[in-house]
There are 2 protein chains.
Amino acid sequence: MCNFFFVTFRLFNGKGRRNLRVKRLYVLQLCAKDKYLDLSRTLTLFTSHLYSFCILSLSFTRLPHLAGTEQNLKYAEQIMKEWQDFGLDSVEMVPYDVLLSYPNKSRPNYISIVDANGNEVFNTSLAEPVPEGYEDVSDIVPPYSAFSARGQPKGDLVYVNYGRTEDFFQLQRQMEIDVTGKIVIVRYGKIFRGNKVKNAMLAGAKGIIMFSDPADYCADGVQPYPDGWNLPGGGAQRGNVLNLNGAGDPLTPGYPAKEYTYRYSFEDGVGLPSIPVHPIGYHDAIHLLKNMGGKTPPNNWKGALNVSYRIGPGFIDDFKSHAVRMNIHTINQVTRIYNVIGKIRGALEPDRYVILGGHRDAWVFGGIDPMSGAAVVHETVRSAGRLISKGWRPRRTIIFASWDAEEFGLQGSTEWAEDNAKLLQDRAVAYINADSAIEGMYTLRVDCSPSLHTLVYNITKQIASPEEGEEGMSLYESWHKRDNWTNDRDAPRISKLGSGSDFEAYFIRLGIAAGRARYTKNKKTERYSSYPVYHSVYETFEIVEKFYDPSFRRLQAVAQVRGGLIFSLADSLLLPLDANQYADSLRKYAQSISKPVGLSNNSLFIHCVSSDSLFSAVENFTIAARGFHERLETLNRVRLVNDQLMYLERGFIDPLGLPGRPFYRHVIFAPSSHNKYAGESFPGIYDALFDIENSVEPQRAWREVKRQISIAAFTVHSAAMTLTPPA
Amino acid sequence: MCNFFFVTFRLFNGKGRRNLRVKRLYVLQLCAKDKYLDLSRTLTLFTSHLYSFCILSLSFTRLPHLAGTEQNLKYAEQIMKEWQDFGLDSVEMVPYDVLLSYPNKSRPNYISIVDANGNEVFNTSLAEPVPEGYEDVSDIVPPYSAFSARGQPKGDLVYVNYGRTEDFFQLQRQMEIDVTGKIVIVRYGKIFRGNKVKNAMLAGAKGIIMFSDPADYCADGVQPYPDGWNLPGGGAQRGNVLNLNGAGDPLTPGYPAKEYTYRYSFEDGVGLPSIPVHPIGYHDAIHLLKNMGGKTPPNNWKGALNVSYRIGPGFIDDFKSHAVRMNIHTINQVTRIYNVIGKIRGALEPDRYVILGGHRDAWVFGGIDPMSGAAVVHETVRSAGRLISKGWRPRRTIIFASWDAEEFGLQGSTEWAEDNAKLLQDRAVAYINADSAIEGMYTLRVDCSPSLHTLVYNITKQIASPEEGEEGMSLYESWHKRDNWTNDRDAPRISKLGSGSDFEAYFIRLGIAAGRARYTKNKKTERYSSYPVYHSVYETFEIVEKFYDPSFRRLQAVAQVRGGLIFSLADSLLLPLDANQYADSLRKYAQSISKPVGLSNNSLFIHCVSSDSLFSAVENFTIAARGFHERLETLNRVRLVNDQLMYLERGFIDPLGLPGRPFYRHVIFAPSSHNKYAGESFPGIYDALFDIENSVEPQRAWREVKRQISIAAFTVHSAAMTLTPPA
């Protein structure tokens, strides 16, 4: 491990725990004296990073800063200025003009129940109750589904559980309910909301309402915010409902959204839903659900609302003449967004890039999402800047990014990836993502490329556990104790990367080794989706300070993981990437290609589908990886082997992309076609096998399975070749 | 220039001219004594390369060696063995199983004129008269159109000149003749035959006959072979009629055709024609043309056959009840082909590849195509081997390739490019093509990436002119004198790369700097297409020895250019690639985007199409290129700038490919959509503008023009970024 790495760790390791109320008061007093009257400027007065995280989070969460708004530009300017002050070699603001989506300020969005005469007998609320202390804040965008189609569809309501593919299958195939021309209502959770919308569209629905059920957004024994961290009944989840499949700006797929760039018409834009969509909280949802008629839902479709809701279509006898009407007036508009890009020039390999990026835009205050992550980036820049001032310079170039418009479909990060694709393809060593640093209070969660597994373990062994009562225990041990990778190996669990954050274009499109780390909940016992207040107005600084991380030590631990990865990747003589781990993962994925779709090996056999070529390719890769790492022992050409390591991840890219998804080009990993948040291994094979037993053209479908196995085998062979001696 | 380069030049520069008849006799005597009884083994007995070219050409042109035949495998084995003996570090045979196409041996292909009763009143010949000295040779494949659809369509005949897009436009729009359900007859020449077939299919024809007209295949005052080098009346041009657009094997587009690779069904194969196609010579063509009826052709449609042919449809009154019937039974079959790949490991940069490749398969003997080129590769390997034996080793790895199945759609080279795409993308510095070394007797012809212009000039200045009476004159001077680039600059003309040979996948798909060089005819005075005996049985060793290059000094000069490029690219400390030349070419192409389609700038203006963004991108590129080369003066990081130079060409690749042509991904150059042989600059823009004034959806068409300009501007910006300092 390099020197810098240790220095950074020392800087990061604040000692002890103070009374945060006192600390905060002190900070506020200092601010009052500060001539700039700007909280963030007081940062430099502190040496402890625990303080810094607190102050940073506080500083950047006072005001709503939605992508495309003036406030988010102001924060960008502030970040740029501070990064310059911290001592980066260059900092620039990089704008793009992308399609964003906002509610129409003069015509609010809402859902009504209308009677036979067309009278609105119930309307959903137009906004969330604003939390204490923020009453005077303006520009809080009400809950809405960004990029919803406009319209006022009216009709019968049908409940489709989570709106997953399997829920629609069950509705159509077992309950034999057709939703064509109906409005569907689904609960939030389990999968990315855009997939719910797509499923509703495919089923023929003319509108979709999404609600937060307490079963999915409240933890047992926890009070709603502000008394606890559960979602209040008046809260609702904002979010985009695009199906971009990695395209970035919907109007400029494949190219950066610059001034001169050709833009598709809205009609031809990528992934824009064709039906109205709207999110509501559970207080409003009760009114829609309690009078529903039709069939009884299966037990696993029942949420925790105290209503005996049914599936529909339509309402119970008393309300039979009633209908639901959506009133959606959301406006799509091309809007300027701003990334902030800072660089430290590498001393010895300036043309090798290690990237730490996280978004800045928030739906409202962004207390958790994203500012708990943005604070980590900011602190990392400050630490690096301090080292630079002491004469240090990393071996490779480090790039820091504050992305814009992540919440609108990863647009800032994707446009920059498109803009710089040529350079990144040739030069990028790794991308570390820095979205929300916390989504729970239990332990560490890491999703990353298999090539980073070993580095993650090595780094976490050198970080202290942030948990009370675990003094002297490493983060690795604390994590291992809580989330062991039982089936496969005795080590903390590391998961596949899915999507839903800014690493997507770097990993899935460009094939750059990537990873993310955050503090998470206990998945075994906590069944709610993401975290309860996700994307609501209640994501405040206070919820972090009061509940999630009062000491800011969890934030600090996450910062140490992210920063440790960046500094190790940028400064190690030999790149800390592990091809053997990739070989292990490939074997595991190859062995289970038929499992996730519930198909037996026998049914593959019946259709003459052999995975032999894939197993053989994996075996070949394993041998190549082992040979490669053995040769490292007698190393005499560092650059050459580092390039082999850097290009290993690129070896899994198929320039043709996955079927119908030209921007998802990684043959080993892609976001699930049924849930963008989840990662799928061998996604081409998975999608070919999915629901194949109901295929209308089985022969063609089984041929596609064979084709996908052939592509996977070739790609693994191809990646193995990158590890063999070059000539 | 490196040492090796000079050594090589010395080796290449044979002195004087001997009596070749005597020399050949001597060689044959030696062979008789040789215990291997193999002509090519006598090579090592000679030191003069002039002899070598002669012997090599002779040795590899004794027997037909069509792709997929045993003889072509034997030659591959011989080449492999000899390259090993020459001292390469490794030589391997790399097989692929690709779709080839052969006549049905038991049912010959021919064209008939049938009378009203269905009697065949005339049949075209089944084979070409075999040239003297080859009477006992078996396995001469008769003239056919490889990959023709099978069938026996019967119908009226329509003559469509060269079958170019503009010829069909003229037929349909001005003469108002509809060829739907008719058989068309076109003359060979001007464009790639596959484009003629595609045009006929698009026009609705049910079959197409292609003939060689003396106007296109005979030079004035020259006798038919064997008394001269003109095409005899019984000769006809073989060739594939695919429209692959760079896909390689039609059944495995995008992936190498290995044993395990998924294959599309024949119906889904890429670029296979759906109608029968057949080639005939002019003696046969007379019979079809002389009785044609219908309209009189315009003057420029009239060839040199002494018949007053008309356009059709159908025959003159005397033959009105007659029809033409095609009888085509050609069989497509998956067949094993073999590339031979030899390597010299680079001493200092083993992971940087410089490639010299040319094909080995021939339609029959391959006297010109390809063995005049294969001899060059063989001699280059021998020269390199000799230097290796003296202790030399190039800085970078050199890869030599003997491709198979070029004649069937560049299949050997494309499959290997697909197989090794990942490595090539990361590591390939340049690809130099070695197809036929001669197509005329006049001067040098070079087509290459603009980045190679300067190197080509520098090298040709150090090579002696091969022409008699030009002792002491350089090849550059000789070439300059004969083909000055008058309009643009006072230097010998260098052209754009089109396609039709094995560089295609390397340059157009992968973005590797590429070039080709050969001896050519005088385009100003010699109007025949390619060379008269092209793809006929008359392409023998003797035609080279007697007419094209009796002293073999032209072959030697071409070898010096190709070898010089390879050795300079492999051994120079600083890569000899020139970004400034690229800037010049980009400016030239950008200035003329509306010219080639005959549109005025005014019509662009009317449709609000601005090229400003493109000009601005070119300007930006020019500045970046100039800055880059200026910084080279104070160079301290050779690897870094060499990588920038290497990746410059890659900077022009758009992973999304051109519209409808996913494997043509170079935004600056692509084979013309109307003639695969020709290179088009800014092909996306060109295709969008082509025939736009007859577009059925003009608004959509003009939007596409804007989109393509935007893509071109982005790509040029992107390439410019690769030249700026890396951090």
# chains A, B, ... in the order shown; residues from 1 in each chain; ligands from 1
>>> residues_around(residues="Lys81 of chain B", least_positions_apart="6", cutoff="12 Å", atoms="only C-alpha atoms", output="VMD selection string")
chain B and resid 40 to 41 74 to 75 87 to 88 90 to 93 340 to 342 378
>>> write_last_selection(atoms="all heavy atoms", output="mmCIF file, in the first residue's frame")
data_model
loop_
_atom_site.group_PDB
_atom_site.id
_atom_site.type_symbol
_atom_site.label_atom_id
_atom_site.label_comp_id
_atom_site.auth_asym_id
_atom_site.auth_seq_id
_atom_site.Cartn_x
_atom_site.Cartn_y
_atom_site.Cartn_z
ATOM 1 N N SER B 40 9.548 -23.597 -54.240
ATOM 2 C CA SER B 40 9.692 -22.509 -53.287
ATOM 3 C C SER B 40 10.882 -22.708 -52.352
ATOM 4 O O SER B 40 11.443 -21.754 -51.831
ATOM 5 C CB SER B 40 8.426 -22.382 -52.454
ATOM 6 O OG SER B 40 8.340 -23.490 -51.587
ATOM 7 N N ARG B 41 11.300 -23.967 -52.169
ATOM 8 C CA ARG B 41 12.424 -24.237 -51.276
ATOM 9 C C ARG B 41 13.740 -23.747 -51.871
ATOM 10 O O ARG B 41 14.729 -23.580 -51.162
ATOM 11 C CB ARG B 41 12.529 -25.730 -50.998
ATOM 12 C CG ARG B 41 11.302 -26.229 -50.316
ATOM 13 C CD ARG B 41 11.577 -27.495 -49.549
ATOM 14 N NE ARG B 41 10.589 -27.571 -48.504
ATOM 15 C CZ ARG B 41 10.753 -27.061 -47.301
ATOM 16 N NH1 ARG B 41 11.879 -26.489 -46.966
ATOM 17 N NH2 ARG B 41 9.796 -27.142 -46.413
ATOM 18 N N LYS B 74 -2.701 -26.544 -48.678
ATOM 19 C CA LYS B 74 -1.300 -26.952 -48.884
ATOM 20 C C LYS B 74 -0.379 -25.740 -48.960
ATOM 21 O O LYS B 74 0.714 -25.727 -48.388
ATOM 22 C CB LYS B 74 -1.180 -27.773 -50.172
ATOM 23 C CG LYS B 74 -1.573 -29.223 -49.989
ATOM 24 C CD LYS B 74 -1.262 -30.022 -51.236
ATOM 25 C CE LYS B 74 -1.798 -31.446 -51.118
ATOM 26 N NZ LYS B 74 -1.950 -32.082 -52.439
ATOM 27 N N TYR B 75 -0.827 -24.722 -49.697
ATOM 28 C CA TYR B 75 -0.004 -23.510 -49.778
ATOM 29 C C TYR B 75 0.142 -22.873 -48.396
ATOM 30 O O TYR B 75 1.193 -22.338 -48.033
ATOM 31 C CB TYR B 75 -0.619 -22.504 -50.756
ATOM 32 C CG TYR B 75 -0.336 -22.793 -52.220
ATOM 33 C CD1 TYR B 75 -1.114 -22.216 -53.225
ATOM 34 C CD2 TYR B 75 0.722 -23.613 -52.621
ATOM 35 C CE1 TYR B 75 -0.862 -22.454 -54.574
ATOM 36 C CE2 TYR B 75 0.975 -23.855 -53.970
ATOM 37 C CZ TYR B 75 0.182 -23.281 -54.946
ATOM 38 O OH TYR B 75 0.435 -23.512 -56.272
ATOM 39 N N GLY B 87 12.609 -17.824 -39.566
ATOM 40 C CA GLY B 87 13.036 -17.392 -38.233
ATOM 41 C C GLY B 87 12.041 -16.556 -37.457
ATOM 42 O O GLY B 87 12.423 -15.888 -36.485
ATOM 43 N N LEU B 88 10.745 -16.577 -37.841
ATOM 44 C CA LEU B 88 9.758 -15.850 -37.025
ATOM 45 C C LEU B 88 9.679 -16.494 -35.641
ATOM 46 O O LEU B 88 9.955 -17.674 -35.455
ATOM 47 C CB LEU B 88 8.381 -15.884 -37.694
ATOM 48 C CG LEU B 88 8.251 -15.157 -39.032
ATOM 49 C CD1 LEU B 88 6.780 -15.025 -39.419
ATOM 50 C CD2 LEU B 88 8.878 -13.772 -38.978
ATOM 51 N N SER B 90 6.956 -16.979 -33.869
ATOM 52 C CA SER B 90 5.855 -17.941 -33.844
ATOM 53 C C SER B 90 5.108 -17.869 -35.164
ATOM 54 O O SER B 90 5.013 -16.803 -35.778
ATOM 55 C CB SER B 90 4.903 -17.645 -32.683
ATOM 56 O OG SER B 90 4.120 -16.507 -32.970
ATOM 57 N N VAL B 91 4.625 -19.001 -35.599
ATOM 58 C CA VAL B 91 3.774 -19.059 -36.791
ATOM 59 C C VAL B 91 2.660 -20.038 -36.476
ATOM 60 O O VAL B 91 2.912 -21.132 -35.977
ATOM 61 C CB VAL B 91 4.531 -19.546 -38.043
ATOM 62 C CG1 VAL B 91 3.656 -19.388 -39.284
ATOM 63 C CG2 VAL B 91 5.840 -18.806 -38.227
ATOM 64 N N GLU B 92 1.444 -19.628 -36.732
ATOM 65 C CA GLU B 92 0.346 -20.556 -36.474
ATOM 66 C C GLU B 92 -0.678 -20.498 -37.602
ATOM 67 O O GLU B 92 -0.773 -19.522 -38.340
ATOM 68 C CB GLU B 92 -0.342 -20.256 -35.133
ATOM 69 C CG GLU B 92 -0.864 -18.852 -35.042
ATOM 70 C CD GLU B 92 -1.688 -18.561 -33.786
ATOM 71 O OE1 GLU B 92 -2.137 -19.493 -33.113
ATOM 72 O OE2 GLU B 92 -1.885 -17.368 -33.506
ATOM 73 N N MET B 93 -1.411 -21.578 -37.710
ATOM 74 C CA MET B 93 -2.496 -21.678 -38.681
ATOM 75 C C MET B 93 -3.771 -21.409 -37.907
ATOM 76 O O MET B 93 -4.022 -22.068 -36.887
ATOM 77 C CB MET B 93 -2.491 -23.119 -39.199
ATOM 78 C CG MET B 93 -3.372 -23.358 -40.348
ATOM 79 S SD MET B 93 -2.446 -23.083 -41.868
ATOM 80 C CE MET B 93 -1.761 -24.723 -42.117
ATOM 81 N N VAL B 340 -2.689 -17.883 -42.070
ATOM 82 C CA VAL B 340 -1.386 -18.145 -41.456
ATOM 83 C C VAL B 340 -0.942 -16.850 -40.775
ATOM 84 O O VAL B 340 -0.930 -15.791 -41.406
ATOM 85 C CB VAL B 340 -0.332 -18.580 -42.497
ATOM 86 C CG1 VAL B 340 0.998 -18.893 -41.803
ATOM 87 C CG2 VAL B 340 -0.826 -19.765 -43.298
ATOM 88 N N ILE B 341 -0.642 -16.935 -39.485
ATOM 89 C CA ILE B 341 -0.275 -15.752 -38.709
ATOM 90 C C ILE B 341 1.132 -15.955 -38.137
ATOM 91 O O ILE B 341 1.378 -16.902 -37.396
ATOM 92 C CB ILE B 341 -1.254 -15.527 -37.533
ATOM 93 C CG1 ILE B 341 -2.706 -15.444 -38.018
ATOM 94 C CG2 ILE B 341 -0.857 -14.278 -36.727
ATOM 95 C CD1 ILE B 341 -3.043 -14.209 -38.817
ATOM 96 N N GLY B 342 2.036 -15.073 -38.517
ATOM 97 C CA GLY B 342 3.406 -15.152 -38.007
ATOM 98 C C GLY B 342 3.756 -13.909 -37.205
ATOM 99 O O GLY B 342 3.261 -12.828 -37.498
ATOM 100 N N HIS B 378 5.848 -12.621 -48.394
ATOM 101 C CA HIS B 378 6.807 -13.698 -48.186
ATOM 102 C C HIS B 378 8.236 -13.164 -48.165
ATOM 103 O O HIS B 378 9.039 -13.523 -47.303
ATOM 104 C CB HIS B 378 6.638 -14.725 -49.307
ATOM 105 C CG HIS B 378 6.906 -16.139 -48.869
ATOM 106 N ND1 HIS B 378 6.081 -16.824 -48.010
ATOM 107 C CD2 HIS B 378 7.907 -17.002 -49.179
ATOM 108 C CE1 HIS B 378 6.564 -18.048 -47.816
ATOM 109 N NE2 HIS B 378 7.681 -18.180 -48.506
#
>>> residues_around(residues="Val377 of chain B", least_positions_apart="5", cutoff="10 Å", atoms="only C-alpha atoms", output="JSON, numbers by chain")
{"B": [356, 357, 358, 359, 371, 372, 382, 383, 400, 401, 402, 433, 434, 435, 559, 562, 563]}
>>> closest_atom_pairs(of="chain A", to="chain B", cutoff="6 Å", atoms="only C-alpha atoms", output="Markdown table")
| residue | atom | partner | partner_atom | distance |
| --- | --- | --- | --- | --- |
| A:Thr261 | CA | B:Ser710 | CA | 5.2 |
| A:Tyr262 | CA | B:Arg707 | CA | 4.9 |
| A:Arg345 | CA | B:Ala727 | CA | 5.4 |
| A:Pro350 | CA | B:Ala727 | CA | 5.9 |
| A:Asp351 | CA | B:Pro726 | CA | 5.1 |
| A:Lys422 | CA | B:Gly651 | CA | 5.9 |
| A:Gly651 | CA | B:Lys422 | CA | 5.9 |
| A:Arg707 | CA | B:Tyr262 | CA | 4.9 |
| A:Ser710 | CA | B:Thr261 | CA | 5.2 |
| A:Pro726 | CA | B:Asp351 | CA | 5.1 |
| A:Ala727 | CA | B:Arg345 | CA | 5.4 |
>>> atom_distance(atom1="atom CA of Leu251 of chain A", atom2="atom CA of Asp268 of chain A")
7.6 Å
>>> atom_distance(atom1="atom CA of Pro273 of chain B", atom2="atom CA of Ala203 of chain B")
13.2 Å
>>> closest_residue(among="A:Ala247, A:Val364, A:Leu58, A:Leu444", to="Gly660 of chain A", atoms="only C-alpha atoms")
A:Ala247
>>> select_by_dssp(residues="segment 188-385 of chain B", states="helix (DSSP H, G or I)", output="PyMOL selection string")
chain B and resi 193-202+214-217+266-268+282-289+299-301+317-319+371-385
>>> select_by_dssp(residues="segment 266-320 of chain A", states="strand (DSSP E)", output="PyMOL selection string")
chain A and resi 277-280
>>> closest_residue(among="A:Pro532, A:Gly367, A:Pro224, A:Gly469", to="Val544 of chain A", atoms="only C-alpha atoms")
A:Gly367
>>> residues_around(residues="His674 of chain B", least_positions_apart="2", cutoff="12 Å", atoms="only C-alpha atoms", output="NGL selection string")
:B and (162-168 or 190-199 or 243 or 245 or 498-499 or 670-672 or 676-680 or 683 or 686-687 or 690-691)
>>> closest_atom_pairs(of="segment 203-258 of chain B", to="segment 103-121 of chain B", cutoff="12 Å", atoms="only C-alpha atoms", output="tab-separated table")
residue	atom	partner	partner_atom	distance
B:Gly207	CA	B:Ile111	CA	10.8
B:Ile208	CA	B:Ile111	CA	10.5
B:Ile209	CA	B:Ile111	CA	8.5
B:Met210	CA	B:Ile111	CA	11.1
B:Phe211	CA	B:Ile111	CA	11.7
B:Arg238	CA	B:Pro103	CA	11.3
>>> residues_around(residues="Pro492 of chain A", least_positions_apart="3", cutoff="6 Å", atoms="only C-alpha atoms", output="PyMOL selection string")
chain A and resi 480+483-485
>>> closest_residue(among="A:His535, A:Arg493, A:Arg150, A:Arg187", to="Gly235 of chain A", atoms="only C-alpha atoms")
A:His535
>>> atom_distance(atom1="atom CA of Thr61 of chain B", atom2="atom CA of Gly366 of chain B")
6.1 Å
>>> decode(residues="segment 629-647 of chain A", atoms="N, CA, C and O atoms", output="mmCIF file, in the first residue's frame")
data_model
loop_
_atom_site.group_PDB
_atom_site.id
_atom_site.type_symbol
_atom_site.label_atom_id
_atom_site.label_comp_id
_atom_site.auth_asym_id
_atom_site.auth_seq_id
_atom_site.Cartn_x
_atom_site.Cartn_y
_atom_site.Cartn_z
ATOM 1 N N HIS A 629 -1.171 -13.752 -13.258
ATOM 2 C CA HIS A 629 -0.747 -13.325 -11.921
ATOM 3 C C HIS A 629 0.556 -14.007 -11.490
ATOM 4 O O HIS A 629 1.336 -13.436 -10.739
ATOM 5 N N GLU A 630 0.788 -15.210 -11.987
ATOM 6 C CA GLU A 630 2.080 -15.853 -11.705
ATOM 7 C C GLU A 630 3.225 -15.082 -12.345
ATOM 8 O O GLU A 630 4.278 -14.887 -11.739
ATOM 9 N N ARG A 631 2.991 -14.633 -13.580
ATOM 10 C CA ARG A 631 4.053 -13.888 -14.258
ATOM 11 C C ARG A 631 4.355 -12.565 -13.561
ATOM 12 O O ARG A 631 5.445 -12.026 -13.672
ATOM 13 N N LEU A 632 3.339 -12.031 -12.853
ATOM 14 C CA LEU A 632 3.572 -10.773 -12.135
ATOM 15 C C LEU A 632 4.696 -10.912 -11.115
ATOM 16 O O LEU A 632 5.346 -9.941 -10.758
ATOM 17 N N GLU A 633 4.911 -12.143 -10.653
ATOM 18 C CA GLU A 633 5.969 -12.380 -9.662
ATOM 19 C C GLU A 633 7.343 -12.029 -10.231
ATOM 20 O O GLU A 633 8.233 -11.603 -9.507
ATOM 21 N N THR A 634 7.512 -12.247 -11.512
ATOM 22 C CA THR A 634 8.813 -11.977 -12.143
ATOM 23 C C THR A 634 8.680 -10.811 -13.110
ATOM 24 O O THR A 634 9.067 -10.887 -14.260
ATOM 25 N N LEU A 635 8.138 -9.770 -12.585
ATOM 26 C CA LEU A 635 7.697 -8.647 -13.388
ATOM 27 C C LEU A 635 8.855 -7.796 -13.888
ATOM 28 O O LEU A 635 9.737 -7.437 -13.126
ATOM 29 N N ASN A 636 8.858 -7.473 -15.169
ATOM 30 C CA ASN A 636 9.827 -6.470 -15.592
ATOM 31 C C ASN A 636 9.232 -5.383 -16.481
ATOM 32 O O ASN A 636 9.925 -4.493 -16.907
ATOM 33 N N ARG A 637 7.948 -5.477 -16.751
ATOM 34 C CA ARG A 637 7.314 -4.446 -17.572
ATOM 35 C C ARG A 637 6.019 -3.996 -16.918
ATOM 36 O O ARG A 637 4.934 -4.450 -17.259
ATOM 37 N N VAL A 638 6.126 -3.064 -15.993
ATOM 38 C CA VAL A 638 4.957 -2.662 -15.223
ATOM 39 C C VAL A 638 3.864 -2.086 -16.115
ATOM 40 O O VAL A 638 2.703 -2.430 -15.996
ATOM 41 N N ARG A 639 4.255 -1.213 -17.029
ATOM 42 C CA ARG A 639 3.230 -0.579 -17.844
ATOM 43 C C ARG A 639 2.437 -1.594 -18.647
ATOM 44 O O ARG A 639 1.215 -1.533 -18.753
ATOM 45 N N LEU A 640 3.159 -2.546 -19.185
ATOM 46 C CA LEU A 640 2.516 -3.546 -20.021
ATOM 47 C C LEU A 640 1.480 -4.339 -19.225
ATOM 48 O O LEU A 640 0.336 -4.487 -19.652
ATOM 49 N N VAL A 641 1.858 -4.829 -18.063
ATOM 50 C CA VAL A 641 0.888 -5.626 -17.300
ATOM 51 C C VAL A 641 -0.213 -4.740 -16.725
ATOM 52 O O VAL A 641 -1.362 -5.166 -16.626
ATOM 53 N N ASN A 642 0.120 -3.522 -16.358
ATOM 54 C CA ASN A 642 -0.942 -2.628 -15.897
ATOM 55 C C ASN A 642 -1.974 -2.381 -16.994
ATOM 56 O O ASN A 642 -3.166 -2.334 -16.734
ATOM 57 N N ASP A 643 -1.501 -2.232 -18.220
ATOM 58 C CA ASP A 643 -2.443 -2.067 -19.324
ATOM 59 C C ASP A 643 -3.295 -3.320 -19.488
ATOM 60 O O ASP A 643 -4.490 -3.245 -19.765
ATOM 61 N N GLN A 644 -2.657 -4.473 -19.326
ATOM 62 C CA GLN A 644 -3.453 -5.697 -19.425
ATOM 63 C C GLN A 644 -4.544 -5.704 -18.357
ATOM 64 O O GLN A 644 -5.689 -6.053 -18.624
ATOM 65 N N LEU A 645 -4.182 -5.289 -17.143
ATOM 66 C CA LEU A 645 -5.178 -5.238 -16.063
ATOM 67 C C LEU A 645 -6.255 -4.198 -16.349
ATOM 68 O O LEU A 645 -7.437 -4.444 -16.166
ATOM 69 N N MET A 646 -5.814 -3.052 -16.824
ATOM 70 C CA MET A 646 -6.781 -1.992 -17.102
ATOM 71 C C MET A 646 -7.770 -2.420 -18.185
ATOM 72 O O MET A 646 -8.968 -2.173 -18.082
ATOM 73 N N TYR A 647 -7.250 -3.086 -19.214
ATOM 74 C CA TYR A 647 -8.106 -3.442 -20.344
ATOM 75 C C TYR A 647 -8.885 -4.736 -20.112
ATOM 76 O O TYR A 647 -9.695 -5.115 -20.948
#
